[in-house]
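Asks: This is target-v5.txt (compact mmCIF, C-alpha atoms).
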# COMPACT_ATOMS: atom_id res chain seq x y z
CA MET Y 190 57.89 102.25 -13.42
CA SER Y 191 56.20 105.50 -12.41
CA THR Y 192 53.34 106.99 -14.44
CA SER Y 193 55.43 109.92 -15.69
CA THR Y 194 58.21 107.59 -16.91
CA ARG Y 195 55.63 105.40 -18.62
CA ASN Y 196 54.17 108.47 -20.34
CA ARG Y 197 57.61 109.58 -21.48
CA VAL Y 198 58.42 106.15 -22.94
CA ALA Y 199 55.04 106.03 -24.65
CA GLY Y 200 55.69 109.46 -26.16
CA VAL Y 201 59.04 108.39 -27.56
CA LEU Y 202 57.52 105.21 -28.98
CA LEU Y 203 54.72 107.21 -30.62
CA VAL Y 204 57.23 109.56 -32.28
CA LEU Y 205 59.27 106.60 -33.55
CA ALA Y 206 56.11 104.91 -34.85
CA ALA Y 207 55.08 108.12 -36.65
CA LEU Y 208 58.52 108.41 -38.26
CA ALA Y 209 58.43 104.76 -39.36
CA ALA Y 210 54.92 105.17 -40.78
CA GLY Y 211 55.99 108.29 -42.69
CA ARG Y 212 58.99 106.49 -44.14
CA PHE Y 213 56.83 103.52 -45.14
CA LEU Y 214 54.25 105.73 -46.87
CA ASP Y 215 56.95 107.80 -48.61
CA GLU Y 216 58.57 104.69 -50.05
CA ASN Y 217 55.39 102.87 -51.04
CA LEU Y 218 52.88 105.44 -52.24
CA PRO Y 219 53.16 106.36 -55.95
CA ALA Y 220 54.30 109.87 -55.09
CA GLY Y 221 57.92 109.66 -56.22
CA GLY Y 222 59.50 110.33 -59.61
CA ASP Y 223 57.46 107.60 -61.31
CA SER Y 224 54.18 109.39 -60.86
CA LEU Y 225 55.63 112.47 -62.54
CA ARG Y 226 57.14 110.69 -65.54
CA PRO Y 227 56.32 112.12 -68.98
CA TYR Y 228 53.66 110.47 -71.09
CA ASP Y 229 55.50 109.08 -74.12
CA ARG Y 230 53.51 109.47 -77.36
CA HIS Y 231 55.20 107.23 -79.91
CA GLY Y 232 55.41 107.75 -83.65
CA LEU Y 233 57.46 107.34 -86.79
CA VAL Y 234 59.12 109.74 -89.23
CA GLN Y 235 56.59 111.53 -91.48
CA MET Y 236 53.76 110.67 -89.10
CA ALA Y 237 52.02 113.33 -87.00
CA VAL Y 238 52.24 112.59 -83.29
CA PRO Y 239 49.46 114.34 -81.34
CA THR Y 240 50.51 115.62 -77.91
CA ARG Y 241 48.85 117.90 -75.38
CA TRP Y 242 50.94 120.88 -76.49
CA ALA Y 243 51.38 120.34 -80.25
CA ASP Y 244 51.05 118.00 -83.21
CA VAL Y 245 54.62 116.94 -83.91
CA GLU Y 246 56.00 115.39 -87.08
CA ALA Y 247 59.62 114.54 -87.88
CA VAL Y 248 59.89 115.17 -91.60
CA ARG Y 249 63.54 114.39 -92.40
CA VAL Y 250 66.56 112.72 -90.75
CA SER Y 251 70.15 113.08 -91.91
CA GLY Y 252 73.60 112.56 -90.42
CA ALA Y 253 77.34 113.00 -90.86
CA PRO Y 254 80.54 113.18 -88.79
CA GLN Y 255 80.76 116.95 -89.38
CA VAL Y 256 78.13 119.65 -89.66
CA ILE Y 257 78.13 123.35 -90.41
CA ASP Y 258 75.55 124.91 -88.13
CA ARG Y 259 74.99 128.63 -88.77
CA ASP Y 260 78.53 129.04 -90.19
CA THR Y 261 80.21 127.10 -87.36
CA LEU Y 262 81.95 123.80 -88.11
CA ALA Y 263 81.31 121.12 -85.50
CA VAL Y 264 83.23 117.84 -85.65
CA SER Y 265 81.92 114.85 -83.72
CA PRO Y 266 83.96 111.85 -82.60
CA GLY Y 267 80.72 109.97 -83.32
CA LEU Y 268 78.01 111.13 -85.71
CA TRP Y 269 75.80 114.20 -85.84
CA VAL Y 270 72.12 113.46 -86.33
CA VAL Y 271 70.03 116.26 -87.84
CA VAL Y 272 66.26 115.98 -87.44
CA GLU Y 273 63.84 118.40 -89.10
CA VAL Y 274 60.50 118.61 -87.32
CA ASN Y 275 57.21 120.37 -87.95
CA ALA Y 276 55.13 121.25 -84.93
CA THR Y 277 51.73 122.90 -84.71
CA PRO Y 278 51.13 124.21 -81.17
CA HIS Y 279 47.71 123.91 -79.56
CA VAL Y 280 47.88 126.33 -76.67
CA ASP Y 281 51.10 128.36 -76.44
CA PRO Y 282 52.98 130.53 -78.97
CA PHE Y 283 55.97 128.18 -78.93
CA THR Y 284 56.64 124.57 -79.86
CA ILE Y 285 59.59 122.31 -79.06
CA GLY Y 286 61.81 123.36 -76.17
CA TRP Y 287 63.78 120.24 -75.35
CA ALA Y 288 65.16 117.18 -77.15
CA GLU Y 289 67.19 114.07 -76.37
CA LEU Y 290 68.23 111.08 -78.42
CA ARG Y 291 67.39 107.63 -77.08
CA GLY Y 292 69.83 105.14 -78.58
CA GLY Y 293 68.76 101.74 -79.87
CA ASP Y 294 71.26 100.27 -77.39
CA GLY Y 295 69.57 101.88 -74.37
CA ARG Y 296 71.96 104.81 -73.99
CA THR Y 297 70.58 108.35 -73.82
CA TYR Y 298 72.19 111.44 -75.32
CA SER Y 299 71.34 114.96 -74.20
CA ARG Y 300 71.54 117.70 -76.79
CA GLY Y 301 74.93 118.84 -75.47
CA ARG Y 302 76.81 120.76 -78.17
CA GLY Y 303 73.89 120.29 -80.54
CA SER Y 304 71.27 122.87 -81.37
CA LEU Y 305 67.49 123.22 -81.24
CA LEU Y 306 66.00 126.03 -83.28
CA CYS Y 307 62.35 126.65 -84.11
CA SER Y 308 60.73 129.34 -86.22
CA ALA Y 309 58.31 131.79 -84.63
CA THR Y 310 54.76 130.54 -84.31
CA ASN Y 311 51.37 130.97 -82.71
CA PRO Y 312 48.73 128.40 -81.74
CA GLY Y 313 47.48 126.75 -84.90
CA LEU Y 314 50.44 127.85 -87.06
CA THR Y 315 52.97 125.20 -88.04
CA ALA Y 316 56.56 125.95 -87.07
CA GLY Y 317 59.66 124.33 -88.49
CA CYS Y 318 62.26 123.10 -86.01
CA VAL Y 319 65.76 121.69 -86.52
CA VAL Y 320 67.47 119.55 -83.89
CA THR Y 321 71.11 118.39 -83.95
CA ILE Y 322 72.50 115.84 -81.49
CA GLU Y 323 75.77 113.88 -81.62
CA ALA Y 324 75.88 110.22 -80.63
CA ALA Y 325 78.08 107.15 -80.87
CA PRO Y 326 77.41 105.32 -84.19
CA GLU Y 327 76.60 102.05 -82.42
CA SER Y 328 73.72 103.72 -80.57
CA LEU Y 329 71.97 104.98 -83.70
CA PRO Y 330 70.31 101.90 -85.27
CA GLY Y 331 66.83 101.73 -83.73
CA SER Y 332 67.17 105.11 -82.03
CA SER Y 333 64.38 107.61 -81.28
CA ILE Y 334 64.22 111.31 -80.65
CA ALA Y 335 62.24 112.51 -77.63
CA LEU Y 336 60.74 116.00 -77.91
CA SER Y 337 59.11 118.08 -75.19
CA GLY Y 338 57.42 121.47 -75.24
CA ASN Y 339 59.00 122.59 -71.97
CA ALA Y 340 62.71 123.45 -71.96
CA MET Y 341 63.06 123.36 -68.17
CA ASP Y 342 60.77 120.60 -66.92
CA GLN Y 343 59.62 117.58 -68.89
CA ARG Y 344 57.75 115.86 -66.07
CA ALA Y 345 54.06 114.96 -66.09
CA ASP Y 346 53.43 116.15 -69.63
CA ASP Y 347 53.22 114.59 -73.09
CA MET Y 348 56.48 113.83 -74.85
CA ALA Y 349 56.71 112.94 -78.55
CA VAL Y 350 59.02 109.93 -78.98
CA ILE Y 351 59.70 109.36 -82.67
CA ASP Y 352 61.52 106.34 -84.10
CA LEU Y 353 64.03 107.84 -86.51
CA GLY Y 354 64.11 104.75 -88.74
CA ILE Y 355 67.93 104.63 -88.73
CA THR Y 356 69.43 101.30 -89.78
CA GLN Y 357 73.01 100.02 -89.65
CA GLU Y 358 73.27 100.62 -93.43
CA VAL Y 359 72.30 104.27 -92.95
CA VAL Y 360 74.91 104.66 -90.19
CA ASP Y 361 77.61 103.03 -92.37
CA HIS Y 362 76.78 105.48 -95.16
CA TRP Y 363 76.87 108.52 -92.85
CA LEU Y 364 80.29 107.43 -91.57
CA THR Y 365 81.72 107.60 -95.11
CA LEU Y 366 80.70 111.24 -95.62
CA THR Y 367 83.70 113.54 -95.68
CA ASP Y 368 82.02 116.85 -96.49
CA PRO Y 369 80.31 118.67 -93.62
CA LEU Y 370 76.53 118.53 -93.65
CA GLU Y 371 74.89 121.96 -93.83
CA VAL Y 372 72.29 122.20 -91.07
CA PRO Y 373 69.11 123.76 -92.50
CA LEU Y 374 67.46 126.70 -90.81
CA PRO Y 375 63.94 126.37 -89.38
CA VAL Y 376 61.24 127.59 -91.74
CA THR Y 377 58.04 129.37 -90.75
CA GLY Y 378 55.11 127.27 -91.90
CA GLY Y 379 57.12 124.06 -91.70
CA GLN Y 380 60.21 122.46 -93.20
CA PRO Y 381 60.01 122.09 -97.02
CA MET R 236 80.35 81.69 7.86
CA GLY R 237 79.15 84.67 5.81
CA THR R 238 76.40 84.66 3.18
CA PRO R 239 77.68 83.89 -0.33
CA THR R 240 77.92 87.09 -2.42
CA THR R 241 76.55 87.28 -5.97
CA PRO R 242 79.44 87.54 -8.51
CA ARG R 243 79.55 91.09 -9.91
CA THR R 244 79.24 91.68 -13.64
CA PRO R 245 82.19 93.29 -15.52
CA LEU R 246 79.95 96.33 -16.21
CA ALA R 247 79.34 96.76 -12.48
CA VAL R 248 83.08 96.54 -11.78
CA VAL R 249 83.82 99.27 -14.33
CA ARG R 250 80.97 101.45 -13.05
CA ASP R 251 82.20 101.23 -9.45
CA HIS R 252 85.74 101.99 -10.52
CA VAL R 253 84.74 105.04 -12.59
CA ALA R 254 82.14 106.41 -10.18
CA ASP R 255 84.60 107.84 -7.63
CA ARG R 256 87.09 109.29 -10.14
CA SER R 257 87.45 113.00 -10.80
CA ILE R 258 86.63 114.57 -14.17
CA ARG R 259 90.37 115.24 -14.60
CA ASP R 260 91.21 111.56 -14.12
CA LEU R 261 88.48 110.50 -16.52
CA GLY R 262 89.71 112.95 -19.20
CA LEU R 263 93.27 111.76 -18.75
CA GLY R 264 92.12 108.15 -19.00
CA LEU R 265 90.22 108.81 -22.22
CA PHE R 266 93.25 110.61 -23.70
CA LEU R 267 95.53 107.66 -22.86
CA VAL R 268 93.08 105.17 -24.41
CA ALA R 269 92.89 107.30 -27.58
CA LEU R 270 96.68 107.53 -27.69
CA VAL R 271 97.12 103.76 -27.37
CA VAL R 272 94.44 102.97 -29.95
CA SER R 273 95.73 105.56 -32.45
CA GLY R 274 99.27 104.25 -31.87
CA LEU R 275 98.18 100.92 -33.26
CA PHE R 276 97.36 102.71 -36.54
CA GLY R 277 100.44 104.88 -36.82
CA GLY R 278 99.85 107.46 -34.06
CA TRP R 279 99.95 111.13 -34.95
CA ALA R 280 102.35 110.59 -37.87
CA GLN R 281 101.54 112.28 -41.18
CA ALA R 282 99.36 109.90 -43.19
CA ARG R 283 101.04 108.64 -46.34
CA ASP R 284 99.59 110.08 -49.55
CA ALA R 285 98.03 107.00 -51.13
CA THR R 286 96.77 108.83 -54.24
CA PRO R 287 97.82 106.81 -57.31
CA GLY R 288 100.23 108.48 -59.71
CA LEU R 289 99.06 110.00 -62.96
CA THR R 290 101.11 109.13 -66.03
CA VAL R 291 100.95 110.93 -69.36
CA GLY R 292 99.35 108.68 -71.98
CA GLU R 293 97.86 106.21 -69.51
CA PRO R 294 94.09 106.26 -68.92
CA VAL R 295 92.76 106.89 -65.44
CA GLY R 296 89.52 104.95 -65.25
CA THR R 297 87.47 107.11 -62.96
CA ALA R 298 83.70 107.22 -62.62
CA PRO R 299 82.02 108.56 -64.58
CA VAL R 300 84.74 109.72 -67.01
CA GLU R 301 87.90 107.95 -68.17
CA ILE R 302 90.70 110.51 -68.55
CA THR R 303 93.95 110.12 -70.50
CA VAL R 304 96.26 113.11 -70.13
CA VAL R 305 98.16 113.66 -73.39
CA GLU R 306 100.23 116.77 -72.76
CA ALA R 307 100.30 120.21 -71.14
CA ALA R 308 101.15 123.48 -72.84
CA THR R 309 100.98 127.22 -72.45
CA SER R 310 99.82 129.74 -75.01
CA MET R 311 99.04 133.46 -75.27
CA ASP R 312 96.36 132.83 -77.88
CA LEU R 313 94.48 129.60 -78.48
CA GLY R 314 92.94 130.95 -81.68
CA VAL R 315 89.44 129.77 -80.91
CA TRP R 316 86.33 131.64 -79.84
CA GLY R 317 86.57 132.85 -76.25
CA PHE R 318 90.31 132.17 -76.01
CA GLY R 319 91.89 134.92 -78.08
CA PRO R 320 95.03 136.98 -77.25
CA THR R 321 95.54 137.47 -73.50
CA ASP R 322 97.91 139.59 -71.41
CA GLY R 323 98.34 136.63 -69.14
CA ARG R 324 98.73 133.05 -70.29
CA TYR R 325 96.54 130.06 -71.04
CA VAL R 326 97.62 126.84 -69.35
CA VAL R 327 96.18 123.90 -71.25
CA VAL R 328 96.02 120.24 -70.31
CA VAL R 329 95.16 118.15 -73.35
CA ALA R 330 93.30 114.96 -72.46
CA ASP R 331 91.12 112.34 -74.08
CA ILE R 332 87.92 111.88 -72.13
CA ARG R 333 85.24 109.24 -72.51
CA THR R 334 82.31 107.88 -70.55
CA GLU R 335 80.62 104.50 -70.67
CA ASN R 336 77.76 105.78 -68.55
CA ASP R 337 74.29 105.11 -69.99
CA THR R 338 73.45 108.82 -70.12
CA SER R 339 75.36 111.97 -71.00
CA ILE R 340 77.46 113.58 -68.28
CA PRO R 341 76.30 117.20 -67.81
CA ALA R 342 78.79 119.95 -68.62
CA LEU R 343 78.57 121.36 -65.09
CA GLN R 344 79.87 118.10 -63.63
CA LEU R 345 82.62 117.75 -66.26
CA ARG R 346 84.22 120.89 -64.86
CA ASP R 347 85.02 118.95 -61.69
CA ILE R 348 86.95 116.02 -63.19
CA MET R 349 90.32 117.80 -63.31
CA ARG R 350 92.18 120.35 -61.18
CA LEU R 351 95.67 121.87 -61.07
CA ARG R 352 97.71 121.93 -57.85
CA ASP R 353 100.19 124.62 -56.81
CA LEU R 354 100.01 126.75 -59.95
CA SER R 355 100.28 130.40 -58.98
CA GLY R 356 98.19 133.17 -60.45
CA ILE R 357 95.22 131.21 -61.79
CA ALA R 358 92.52 133.67 -62.77
CA PRO R 359 89.08 132.87 -61.35
CA VAL R 360 87.31 133.00 -64.71
CA GLY R 361 83.62 132.34 -64.39
CA VAL R 362 83.79 131.59 -60.65
CA SER R 363 83.84 133.63 -57.46
CA PRO R 364 87.15 135.50 -56.92
CA ASP R 365 87.17 134.14 -53.36
CA ARG R 366 87.69 130.61 -54.61
CA ALA R 367 90.97 128.87 -53.71
CA PRO R 368 93.29 128.37 -56.74
CA GLU R 369 93.07 124.59 -56.47
CA ASP R 370 89.27 124.80 -56.67
CA ILE R 371 89.12 126.81 -59.88
CA PRO R 372 87.71 124.60 -62.65
CA ALA R 373 88.96 124.56 -66.24
CA ARG R 374 86.93 125.64 -69.23
CA LEU R 375 86.62 122.75 -71.69
CA VAL R 376 87.15 123.04 -75.45
CA VAL R 377 86.81 120.31 -78.10
CA ALA R 378 90.22 120.14 -79.81
CA ALA R 379 88.78 119.01 -83.15
CA ASP R 380 86.80 122.19 -83.81
CA GLY R 381 87.49 124.66 -80.99
CA THR R 382 83.90 124.71 -79.73
CA PRO R 383 83.06 124.56 -76.01
CA LEU R 384 82.46 120.99 -74.84
CA GLN R 385 79.02 120.72 -73.32
CA ASP R 386 77.57 117.42 -72.09
CA LEU R 387 79.72 114.32 -72.65
CA GLY R 388 77.75 111.67 -74.52
CA PRO R 389 78.43 107.96 -73.90
CA GLY R 390 80.79 105.92 -76.05
CA MET R 391 82.67 108.78 -77.73
CA THR R 392 86.26 109.89 -77.05
CA TYR R 393 86.75 113.65 -77.11
CA ARG R 394 90.24 115.12 -77.28
CA THR R 395 89.66 118.03 -74.96
CA TRP R 396 91.56 121.13 -73.92
CA PHE R 397 91.19 121.83 -70.20
CA VAL R 398 92.01 125.53 -70.15
CA TRP R 399 93.01 127.65 -67.17
CA GLN R 400 94.12 131.25 -67.42
CA GLN R 401 97.11 132.71 -65.58
CA GLN R 402 97.09 136.37 -64.63
CA PRO R 403 99.67 138.73 -66.17
CA GLY R 404 103.02 138.51 -64.38
CA ALA R 405 102.47 135.02 -63.01
CA PRO R 406 105.54 132.81 -63.52
CA GLU R 407 105.39 130.44 -66.47
CA PRO R 408 105.33 126.85 -65.20
CA GLU R 409 107.80 124.23 -66.42
CA GLN R 410 105.60 121.48 -65.10
CA ILE R 411 102.19 121.36 -63.49
CA THR R 412 100.59 118.99 -61.02
CA VAL R 413 97.40 117.56 -62.48
CA GLU R 414 94.71 115.82 -60.46
CA THR R 415 91.86 113.74 -61.82
CA TYR R 416 88.60 113.29 -59.93
CA SER R 417 85.80 110.75 -59.75
CA MET R 418 82.26 111.43 -58.60
CA THR R 419 79.38 109.54 -57.00
CA TRP R 420 75.93 109.10 -58.58
CA ARG R 421 73.47 109.84 -55.81
CA ARG R 422 70.25 111.59 -54.94
CA SER R 423 70.46 115.32 -54.22
CA ASN R 424 69.59 116.28 -50.66
CA VAL R 425 68.09 119.52 -51.96
CA ASP R 426 65.80 118.67 -54.87
CA ASP R 427 65.69 114.85 -54.79
CA THR R 428 67.10 114.43 -58.33
CA MET R 429 69.89 111.96 -59.17
CA ARG R 430 73.18 113.67 -60.09
CA TRP R 431 76.96 113.28 -59.89
CA PHE R 432 78.33 114.66 -56.63
CA ASP R 433 81.29 114.58 -54.25
CA PRO R 434 84.39 114.82 -56.47
CA SER R 435 87.34 112.95 -54.95
CA VAL R 436 90.93 112.67 -56.18
CA THR R 437 91.72 109.50 -58.12
CA ALA R 438 95.21 110.27 -59.46
CA ARG R 439 97.84 112.98 -59.20
CA GLY R 440 100.99 113.53 -61.24
CA ASP R 441 103.42 116.08 -62.63
CA VAL R 442 103.10 116.85 -66.33
CA PRO R 443 105.86 118.75 -68.19
CA VAL R 444 104.66 121.91 -69.91
CA THR R 445 105.63 122.50 -73.54
CA MET R 446 105.76 125.89 -75.24
CA THR R 447 103.41 124.94 -78.05
CA LEU R 448 100.18 123.06 -78.24
CA THR R 449 100.89 120.13 -80.56
CA ALA R 450 98.21 117.56 -79.81
CA ALA R 451 95.63 117.49 -82.57
CA ALA R 452 92.34 115.62 -82.56
CA PRO R 453 92.69 111.85 -81.99
What does the file become when written as structure tokens?

Replies:
Amino acid sequence: MSTSTRNRVAGVLLVLAALAAGRFLDENLPAGGDSLRPYDRHGLVQMAVPTRWADVEAVRVSGAPQVIDRDTLAVSPGLWVVVEVNATPHVDPFTIGWAELRGGDGRTYSRGRGSLLCSATNPGLTAGCVVTIEAAPESLPGSSIALSGNAMDQRADDMAVIDLGITQEVVDHWLTLTDPLEVPLPVTGGQP
Amino acid sequence: MGTPTTPRTPLAVVRDHVADRSIRDLGLGLFLVALVVSGLFGGWAQARDATPGLTVGEPVGTAPVEITVVEAATSMDLGVWGFGPTDGRYVVVVADIRTENDTSIPALQLRDIMRLRDLSGIAPVGVSPDRAPEDIPARLVVAADGTPLQDLGPGMTYRTWFVWQQQPGAPEPEQITVETYSMTWRRSNVDDTMRWFDPSVTARGDVPVTMTLTAAAP
């Protein structure tokens, strides 16, 4: 084998080795989605959950198959869950921007047709927020609501994860309700 | 007595045979091989459409959404927000949809689970006017309350109106060809997030069109 051929083969082998090393590092260094996961800050209803962006407290949880949300009737094939939350921002003039429901059975529900409204606020002033999410009744016992301050990107930041305290008895009661539940409006200074 | 020759390998035989052939002969040879091989699998004949049939009232279990077509109807006014009186015509496929996925199916992906075939005059509402009629997605409405269906949460069956709009003057259909689609859960090549991609047909069938929308919520 001539010197130039040997050099060419060595070059190709070096390129292949560099590609393999890059692939190995990409798959094994903690630089993927895991390293950017949100930091879950757990809490219970009527308990303030401190996060980087706000102190968050779920003050009331209710539910029904139908809700009236700002004069619009919404009928769920499952159940609507209505969560009233107070949040006192630390740094920005806004509070909760994103919510999802994490079922007790491991299923996750995005807000979908539901709503998320917060009153106007400034750092240090408590805002009232109201979140509605629909979910299958069997997912609700043991479920939590996850709340983030950023509507677009929840990665690498604190997330309040609040156990809603919903039991099977509560779900059975909500399923019997025939009148639509009126969704409250968010209140400046916090939900009453 | 000559010296014994080393037996030649099959590769060497082929190489010697090919080496003194013209490009024309080689091309012809390749064409004949392709013809013979393809002949074993049916040649150039039109491939049979193996798409399963779609039957009204029978669920099509596609990933990630199970779809049961209930009926099809036309209307000039659906009487819900965003679908008031029109000079053209609304063409509605009523279907029950459900997912057993662990997470909600985003609204953007739900638009790709059903299409109409060969319906003339579909208006490209909310999409580019250059889009082919068979690629125009429906707008989805929850039958129970007339609100737009957003993400589809797991474990709940929504009776849903899949609504297309026909332009004024387009002929009213007596039946429409409905296709259901499945998708694949994979990583995006663009932003590395996991999403539903690559819609592919899972069932196709003709559905008679009624003059009035009768299907209520399940």

Asks: Chain R residues within 12 Å of chain Y, counting all atoms listed in the file: which ones, as JSON, numbers by chain?

Replies: {"R": [315, 316, 331, 332, 333, 334, 335, 336, 337, 338, 339, 340, 341, 342, 343, 375, 376, 377, 378, 379, 380, 381, 382, 383, 384, 385, 386, 387, 388, 389, 390, 391, 392, 393, 394, 395, 422, 426, 427, 428, 429, 452, 453]}

Asks: Report the distance between CA of Ala349 (chain Y) and CA of Val319 (chain Y) in Å, rounded to one decimal place.

Replies: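 About the pair CA of Ala349 (chain Y) and CA of Val319 (chain Y): they are 14.9 Å apart.
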
Asks: If we count only C-alpha atoms and set the cut-off at 9 Å, which residues sit around Gln343 (chain Y), ignoring sequence neighbours fewer than 6 positions away in its own chain? Please answer as number ranges by chain.

Replies: Y: 226-227, 287, 337

Asks: Contacts of region 302-309 of chain R at 7 Å or less, counting all atoms listed in the file, minus same-chain residues fewer than 3 places along, as a PyMOL selection string?

Replies: chain R and resi 291-296+324-333+442-448

Asks: Generate a file of the selected residues that holds C-alpha atoms, formatted as a compact mmCIF listing (two decimals), in the coordinates of the input.

Replies:
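Generated output (selection-v8.txt):
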# COMPACT_ATOMS: atom_id res chain seq x y z
CA VAL R 291 100.95 110.93 -69.36
CA GLY R 292 99.35 108.68 -71.98
CA GLU R 293 97.86 106.21 -69.51
CA PRO R 294 94.09 106.26 -68.92
CA VAL R 295 92.76 106.89 -65.44
CA GLY R 296 89.52 104.95 -65.25
CA ARG R 324 98.73 133.05 -70.29
CA TYR R 325 96.54 130.06 -71.04
CA VAL R 326 97.62 126.84 -69.35
CA VAL R 327 96.18 123.90 -71.25
CA VAL R 328 96.02 120.24 -70.31
CA VAL R 329 95.16 118.15 -73.35
CA ALA R 330 93.30 114.96 -72.46
CA ASP R 331 91.12 112.34 -74.08
CA ILE R 332 87.92 111.88 -72.13
CA ARG R 333 85.24 109.24 -72.51
CA VAL R 442 103.10 116.85 -66.33
CA PRO R 443 105.86 118.75 -68.19
CA VAL R 444 104.66 121.91 -69.91
CA THR R 445 105.63 122.50 -73.54
CA MET R 446 105.76 125.89 -75.24
CA THR R 447 103.41 124.94 -78.05
CA LEU R 448 100.18 123.06 -78.24

Asks: From the list R:Asp441, R:Asp312, R:Asp255, R:Asp370, which residue is nearest Gly288 (chain R) when using all atoms listed in the file?

Replies: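 Nearest to Gly288 (chain R): R:Asp441.
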
Asks: How many Å lie between CA of Ile258 (chain R) and CA of Leu275 (chain R), rounded to one decimal?

Replies: 26.2 Å

Asks: Go ahead and compute the interatomic distance for CA of Val249 (chain R) and CA of Val198 (chain Y), in Å to one decimal.

Replies: 27.7 Å

Asks: Which residues are close to Pro369 (chain Y), i.e. within 8 Å by only C-alpha atoms, leaving aside same-chain residues fewer than 2 positions away? Reply as a list in words.

Replies: Ala253, Pro254, Gln255, Val256, Ile257, Leu262, Leu366, Thr367 and Glu371 of chain Y

Asks: Would you mind exporting the chosen residues as a tab-separated table (two decimals), keeping the file's coordinate frame, restricted to C-alpha atoms?

Replies:
chain	number	residue	atom	x	y	z
Y	253	ALA	CA	77.34	113.00	-90.86
Y	254	PRO	CA	80.54	113.18	-88.79
Y	255	GLN	CA	80.76	116.95	-89.38
Y	256	VAL	CA	78.13	119.65	-89.66
Y	257	ILE	CA	78.13	123.35	-90.41
Y	262	LEU	CA	81.95	123.80	-88.11
Y	366	LEU	CA	80.70	111.24	-95.62
Y	367	THR	CA	83.70	113.54	-95.68
Y	371	GLU	CA	74.89	121.96	-93.83

Asks: Within 6 Å of (54.1, 122.4, -79.1) in the file's own coordinates, which protein, DNA or RNA residues have an atom, counting all atoms listed in the file? List them as a PyMOL selection string.

Replies: chain Y and resi 242-243+278+284-285+338

Asks: Which residues, written as a short mmCIF file (atom, residue, chain, number, x, y, z; two decimals) with C-alpha atoms, in the frame of the given file, have at least one atom at most 9 Å from Val360 (chain R), with only C-alpha atoms counted and residues fewer than 2 positions away on the same chain left out?

Replies:
data_model
loop_
_atom_site.label_atom_id
_atom_site.label_comp_id
_atom_site.auth_asym_id
_atom_site.auth_seq_id
_atom_site.Cartn_x
_atom_site.Cartn_y
_atom_site.Cartn_z
CA ILE R 357 95.22 131.21 -61.79
CA ALA R 358 92.52 133.67 -62.77
CA VAL R 362 83.79 131.59 -60.65
CA SER R 363 83.84 133.63 -57.46
CA PRO R 364 87.15 135.50 -56.92
CA ILE R 371 89.12 126.81 -59.88
CA PRO R 372 87.71 124.60 -62.65
CA ALA R 373 88.96 124.56 -66.24
CA ARG R 374 86.93 125.64 -69.23
CA TRP R 399 93.01 127.65 -67.17
CA GLN R 400 94.12 131.25 -67.42
#
